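Since the structure comes first, as structure tokens, the remarks are kept for the end.
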Amino acid sequence: MAHLRSRRRLALAVPVVLSLTAALGFVPGVASAAPQPAPAATAADGPELAYVVNTKTDRRTIGAVQKAISEAGGTVVTTYDRIGVIVAHAADPGFGARIRAVRGVQSAGATRTAPLTAAGTTDEGAADYLTAAEAAKVKAAAAPASEPLEADQWDLRAIGADKAAKINPGSRKVTVAVIDTGVDDTHPDLAPNFSASQSANCVGGVADTSEGAWRPYTADDYHGTHVAGEIAAARNGIGVAGVAPGVKVSGIKVSDPDNGLFYPESVVCAFVFAADHGVEITNNSYYVDPWLYNCLDDPDQRAIVDAVNRAQRYATKKGTLHLASAGNSNHDLDSDAIVDDSSPDDSTPVTRTIDPHECFDVPTQLPGVVTVSATGVQNLKSYYSSYGKGVVDVAAPGGDRLYQIPDTPSKNGRILSTMPNNQYAFLQGTSMASPHAAGVAALLKSAHPWAGPAQLQALLKAQADNPGCPDSYDQDGNGTQDATCEGGKRVNGFYGFGIVNALKAVK
């Protein structure tokens, strides 16, 4: 997740907005002569794959590269000319190498290792649905003026969100886009705050804004609906409450209908769509498939990093702050080496040892993106949460079903939120931590409407409460430390600058 050991955020000795460009060896310059067409295409003899082709942004270069794609046997699916990203399909196994040789192409590569057919989230474990009997028990314990199921929402109390809502629940002028598996906007806790005009289906790289296109395919695609409820479930006397119950929430669906994966071209579309539709904050509780870590020495993975970074930077420049989950592998993202045995996740994974300073979890490790680790009710790092000094920016409640059990009616250490078909369930993961931080960011944006992404990120870090590194992190009691926290009380590898605080945000 970085180059300089002291920062671990894809940073070089250049401004952060330029760091990835420099890291990839690209520098701004005057447009060169028109690209040379690729050699005549050979007969396609492989499965059709999707590619991202990254170019300069001038019209002449883009047009020439589009022509070269066609001459190489590819098909242009869509072009994001403002960021110089072209999405293409091709069946020729040599297509990537041929296009990388075209003048004006800065990087290009396949976005998957399996063929196209007629993306991985960061929740940990299966959903635990709240039954009618359990719901009745929770409602009986409800405090006056609280939501019916709020007694089970230890997470809101942990960051003062219940008290913050009485001061400032958030502004209707602020929208948090959930880039995910889709959002069920018909849920009664989400319908009051849902923004259909800022929602779309971006699967495949082209935004579909038709009615309901943003909704999950099935009830099993619940991830985005759960995340949306954590951010902005309304305080309407029905079920649960979100961290920022007064802001708007939208859904941008990016999960593939066949395998649920989050491919790069879909995520590129989502960032650009969010930026062009006035979204102030995006939540990204996933990593871009098929690689858990994208290594810059691999041309395909390098192109993925480049394309997604161009898209998120475009959105950032238009005023959008991005928050993303740190991951559930309990990896030290500031370590010298990590064993990745899960990539690629769309075909046959191979075990490889990567350097997390050269191979990056996208989008969470891109410059300017807020990386969020997970905590439980005791304000300790959750057992599964990845971490790393100089990598994690802030922490937030993500749940811990094993070692941090709350004194709530359900005694469930996970996070309760909305599910499709008007249901509620507990989930845990850094997927749940990121939306809590996004909700606090939305409250900060509501209180400071003129704050841009950099100022919002600074405010988010400033209001966080840092418990400091624990004296011991032997969660299972076997005498061995389960993770090592490095750093001091101000900033450290477990919590970054601290656990977000909604009450401080509105004060």
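In the structure tokens, chains take the letters A, B, ... in the order shown, each chain's residues start at 1, and ligands count up from 1 in the order shown.
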
Find the nearest atom pair between each residue of segment 330-400 of chain A and segment 456-466 of chain A for residues within 9 Å, count only C-alpha atoms, give distances in Å to one decimal, sort rows by chain and ascending number, and present the table as CSV.
```
residue,atom,partner,partner_atom,distance
A:Gly368,CA,A:Gln457,CA,8.5
A:Val369,CA,A:Gln457,CA,8.9
A:Val370,CA,A:Gln457,CA,7.2
A:Asp393,CA,A:Lys461,CA,7.3
A:Val394,CA,A:Lys461,CA,6.6
A:Ala395,CA,A:Ala464,CA,8.4
```

Saved selection, atoms kept: all heavy atoms, as a PDB file, in the first residue's frame:
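Generated file (selection_21.pdb):
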```
ATOM      1  N   GLY A 368      -5.604   9.526  -1.015  1.00  0.00           N
ATOM      2  CA  GLY A 368      -6.783  10.354  -0.801  1.00  0.00           C
ATOM      3  C   GLY A 368      -7.991   9.597  -0.313  1.00  0.00           C
ATOM      4  O   GLY A 368      -8.953  10.207   0.171  1.00  0.00           O
ATOM      5  N   VAL A 369      -7.995   8.262  -0.430  1.00  0.00           N
ATOM      6  CA  VAL A 369      -9.107   7.448   0.059  1.00  0.00           C
ATOM      7  C   VAL A 369      -8.907   7.189   1.546  1.00  0.00           C
ATOM      8  O   VAL A 369      -7.811   6.837   1.988  1.00  0.00           O
ATOM      9  CB  VAL A 369      -9.185   6.117  -0.709  1.00  0.00           C
ATOM     10  CG1 VAL A 369     -10.282   5.218  -0.135  1.00  0.00           C
ATOM     11  CG2 VAL A 369      -9.448   6.374  -2.191  1.00  0.00           C
ATOM     12  N   VAL A 370      -9.968   7.365   2.343  1.00  0.00           N
ATOM     13  CA  VAL A 370      -9.889   7.150   3.789  1.00  0.00           C
ATOM     14  C   VAL A 370     -10.003   5.654   4.072  1.00  0.00           C
ATOM     15  O   VAL A 370     -11.011   5.021   3.767  1.00  0.00           O
ATOM     16  CB  VAL A 370     -11.011   7.908   4.516  1.00  0.00           C
ATOM     17  CG1 VAL A 370     -10.956   7.626   6.018  1.00  0.00           C
ATOM     18  CG2 VAL A 370     -10.908   9.408   4.255  1.00  0.00           C
ATOM     19  N   ASP A 393      -6.436   5.127   8.353  1.00  0.00           N
ATOM     20  CA  ASP A 393      -6.660   6.537   8.676  1.00  0.00           C
ATOM     21  C   ASP A 393      -7.497   6.708   9.937  1.00  0.00           C
ATOM     22  O   ASP A 393      -7.179   7.505  10.808  1.00  0.00           O
ATOM     23  CB  ASP A 393      -7.340   7.234   7.499  1.00  0.00           C
ATOM     24  CG  ASP A 393      -6.437   7.341   6.290  1.00  0.00           C
ATOM     25  OD1 ASP A 393      -5.339   7.908   6.417  1.00  0.00           O
ATOM     26  OD2 ASP A 393      -6.813   6.839   5.216  1.00  0.00           O
ATOM     27  N   VAL A 394      -8.614   5.978  10.017  1.00  0.00           N
ATOM     28  CA  VAL A 394      -9.480   6.016  11.191  1.00  0.00           C
ATOM     29  C   VAL A 394     -10.065   4.632  11.407  1.00  0.00           C
ATOM     30  O   VAL A 394      -9.978   3.756  10.532  1.00  0.00           O
ATOM     31  CB  VAL A 394     -10.630   7.049  11.038  1.00  0.00           C
ATOM     32  CG1 VAL A 394     -10.107   8.478  11.009  1.00  0.00           C
ATOM     33  CG2 VAL A 394     -11.474   6.748   9.805  1.00  0.00           C
ATOM     34  N   ALA A 395     -10.681   4.443  12.561  1.00  0.00           N
ATOM     35  CA  ALA A 395     -11.375   3.196  12.872  1.00  0.00           C
ATOM     36  C   ALA A 395     -12.835   3.506  13.170  1.00  0.00           C
ATOM     37  O   ALA A 395     -13.202   4.657  13.451  1.00  0.00           O
ATOM     38  CB  ALA A 395     -10.718   2.512  14.065  1.00  0.00           C
TER      39      ALA A 395
END
```

Can you tell me, as a compact mmCIF listing (two decimals) with all heavy atoms, in the first residue's frame, what residues are no more than 6 Å from segment 83-94 of chain A when counting only C-alpha atoms, ignoring any on the same chain fewer than 4 positions away?
```
# COMPACT_ATOMS: atom_id res chain seq x y z
N ALA A 44 -9.13 -14.41 -33.38
CA ALA A 44 -9.39 -14.61 -31.95
C ALA A 44 -9.46 -16.09 -31.66
O ALA A 44 -10.21 -16.82 -32.29
CB ALA A 44 -10.71 -13.93 -31.58
N ASP A 45 -8.66 -16.53 -30.71
CA ASP A 45 -8.67 -17.95 -30.39
C ASP A 45 -8.70 -18.17 -28.88
O ASP A 45 -8.28 -19.20 -28.37
CB ASP A 45 -7.44 -18.65 -30.98
CG ASP A 45 -6.12 -18.02 -30.54
OD1 ASP A 45 -6.18 -17.05 -29.74
OD2 ASP A 45 -5.07 -18.49 -30.98
N GLY A 46 -9.20 -17.19 -28.13
CA GLY A 46 -9.32 -17.33 -26.68
C GLY A 46 -10.67 -16.83 -26.23
O GLY A 46 -11.47 -16.33 -27.01
N PRO A 47 -10.96 -16.95 -24.93
CA PRO A 47 -12.22 -16.45 -24.40
C PRO A 47 -12.23 -14.94 -24.40
O PRO A 47 -11.18 -14.29 -24.32
CB PRO A 47 -12.24 -17.02 -22.99
CG PRO A 47 -10.80 -17.16 -22.62
CD PRO A 47 -10.10 -17.55 -23.90
N GLU A 48 -13.40 -14.35 -24.49
CA GLU A 48 -13.51 -12.89 -24.48
C GLU A 48 -13.29 -12.37 -23.07
O GLU A 48 -13.91 -12.84 -22.11
CB GLU A 48 -14.87 -12.44 -25.01
CG GLU A 48 -14.95 -10.93 -25.16
CD GLU A 48 -16.21 -10.46 -25.84
OE1 GLU A 48 -17.30 -10.77 -25.31
OE2 GLU A 48 -16.12 -9.79 -26.88
N LEU A 49 -12.40 -11.39 -22.93
CA LEU A 49 -12.11 -10.77 -21.66
C LEU A 49 -12.41 -9.27 -21.74
O LEU A 49 -12.50 -8.70 -22.83
CB LEU A 49 -10.64 -10.97 -21.26
CG LEU A 49 -10.16 -12.40 -21.02
CD1 LEU A 49 -8.67 -12.39 -20.70
CD2 LEU A 49 -10.95 -13.06 -19.90
N ALA A 50 -12.55 -8.65 -20.57
CA ALA A 50 -12.70 -7.20 -20.50
C ALA A 50 -11.34 -6.58 -20.20
O ALA A 50 -10.51 -7.17 -19.51
CB ALA A 50 -13.70 -6.83 -19.42
N TYR A 51 -11.12 -5.39 -20.74
CA TYR A 51 -9.85 -4.68 -20.56
C TYR A 51 -10.11 -3.22 -20.20
O TYR A 51 -11.14 -2.65 -20.59
CB TYR A 51 -9.03 -4.70 -21.86
CG TYR A 51 -8.50 -6.06 -22.26
CD1 TYR A 51 -9.31 -6.98 -22.91
CD2 TYR A 51 -7.18 -6.42 -21.98
CE1 TYR A 51 -8.84 -8.23 -23.28
CE2 TYR A 51 -6.69 -7.67 -22.34
CZ TYR A 51 -7.53 -8.57 -22.99
OH TYR A 51 -7.04 -9.81 -23.33
N VAL A 52 -9.17 -2.64 -19.46
CA VAL A 52 -9.13 -1.19 -19.33
C VAL A 52 -7.89 -0.71 -20.07
O VAL A 52 -6.80 -1.27 -19.93
CB VAL A 52 -9.09 -0.72 -17.86
CG1 VAL A 52 -10.47 -0.83 -17.24
CG2 VAL A 52 -8.08 -1.49 -17.03
N VAL A 53 -8.08 0.31 -20.90
CA VAL A 53 -6.99 0.91 -21.68
C VAL A 53 -6.90 2.36 -21.25
O VAL A 53 -7.86 3.13 -21.41
CB VAL A 53 -7.27 0.78 -23.19
CG1 VAL A 53 -6.12 1.39 -23.98
CG2 VAL A 53 -7.51 -0.67 -23.58
N ASN A 54 -5.76 2.75 -20.69
CA ASN A 54 -5.60 4.09 -20.12
C ASN A 54 -4.71 4.94 -21.01
O ASN A 54 -3.58 4.55 -21.34
CB ASN A 54 -5.01 3.97 -18.72
CG ASN A 54 -5.84 3.05 -17.83
OD1 ASN A 54 -7.04 3.25 -17.69
ND2 ASN A 54 -5.22 2.05 -17.24
N THR A 55 -5.22 6.10 -21.39
CA THR A 55 -4.54 6.96 -22.36
C THR A 55 -4.47 8.39 -21.85
O THR A 55 -4.99 8.73 -20.78
CB THR A 55 -5.29 6.97 -23.70
OG1 THR A 55 -6.45 7.82 -23.59
CG2 THR A 55 -5.75 5.59 -24.10
N LYS A 56 -3.86 9.23 -22.66
CA LYS A 56 -3.96 10.67 -22.43
C LYS A 56 -5.41 11.10 -22.71
O LYS A 56 -6.18 10.36 -23.34
CB LYS A 56 -2.99 11.42 -23.33
CG LYS A 56 -1.53 11.09 -23.04
CD LYS A 56 -0.60 11.83 -23.98
CE LYS A 56 0.86 11.48 -23.66
NZ LYS A 56 1.80 12.17 -24.58
N THR A 57 -5.76 12.30 -22.24
CA THR A 57 -7.16 12.70 -22.32
C THR A 57 -7.49 13.61 -23.51
O THR A 57 -8.63 14.06 -23.63
CB THR A 57 -7.56 13.44 -21.02
OG1 THR A 57 -6.69 14.55 -20.81
CG2 THR A 57 -7.48 12.50 -19.83
N GLY A 74 -10.56 -5.78 -30.98
CA GLY A 74 -11.34 -5.49 -29.79
C GLY A 74 -12.57 -4.67 -30.09
O GLY A 74 -12.76 -4.16 -31.19
N THR A 75 -13.43 -4.55 -29.08
CA THR A 75 -14.65 -3.75 -29.17
C THR A 75 -14.66 -2.74 -28.04
O THR A 75 -14.47 -3.11 -26.87
CB THR A 75 -15.90 -4.64 -29.05
OG1 THR A 75 -15.88 -5.61 -30.08
CG2 THR A 75 -17.17 -3.81 -29.16
N VAL A 76 -14.85 -1.47 -28.38
CA VAL A 76 -14.94 -0.43 -27.35
C VAL A 76 -16.32 -0.49 -26.71
O VAL A 76 -17.34 -0.36 -27.39
CB VAL A 76 -14.68 0.97 -27.95
CG1 VAL A 76 -14.93 2.05 -26.90
CG2 VAL A 76 -13.25 1.07 -28.47
N VAL A 77 -16.35 -0.69 -25.39
CA VAL A 77 -17.62 -0.74 -24.65
C VAL A 77 -18.04 0.67 -24.25
O VAL A 77 -19.19 1.07 -24.44
CB VAL A 77 -17.50 -1.64 -23.41
CG1 VAL A 77 -18.77 -1.60 -22.58
CG2 VAL A 77 -17.15 -3.05 -23.81
N THR A 78 -17.11 1.42 -23.68
CA THR A 78 -17.39 2.81 -23.30
C THR A 78 -16.06 3.53 -23.13
O THR A 78 -15.02 2.90 -22.91
CB THR A 78 -18.22 2.89 -22.01
OG1 THR A 78 -18.67 4.24 -21.81
CG2 THR A 78 -17.41 2.46 -20.80
N THR A 79 -16.11 4.85 -23.22
CA THR A 79 -14.91 5.67 -23.06
C THR A 79 -15.19 6.79 -22.06
O THR A 79 -16.18 7.52 -22.22
CB THR A 79 -14.47 6.29 -24.40
OG1 THR A 79 -14.19 5.24 -25.33
CG2 THR A 79 -13.24 7.16 -24.22
N ARG A 310 -7.58 6.82 -11.55
CA ARG A 310 -8.00 7.97 -12.37
C ARG A 310 -9.45 8.34 -12.05
O ARG A 310 -9.79 9.54 -11.94
CB ARG A 310 -7.87 7.63 -13.86
CG ARG A 310 -6.45 7.54 -14.37
CD ARG A 310 -6.43 7.09 -15.81
NE ARG A 310 -5.07 6.92 -16.31
CZ ARG A 310 -4.63 7.41 -17.46
NH1 ARG A 310 -5.44 8.09 -18.25
NH2 ARG A 310 -3.38 7.21 -17.85
```

| said: Nearest residue to Val105 of chain A out of A:Pro169, A:Gly63, A:Pro406, A:Gly452, using only C-alpha atoms? | reply: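 Looking only at the distances to Val105 of chain A, the closest residue turns out to be A:Gly63.
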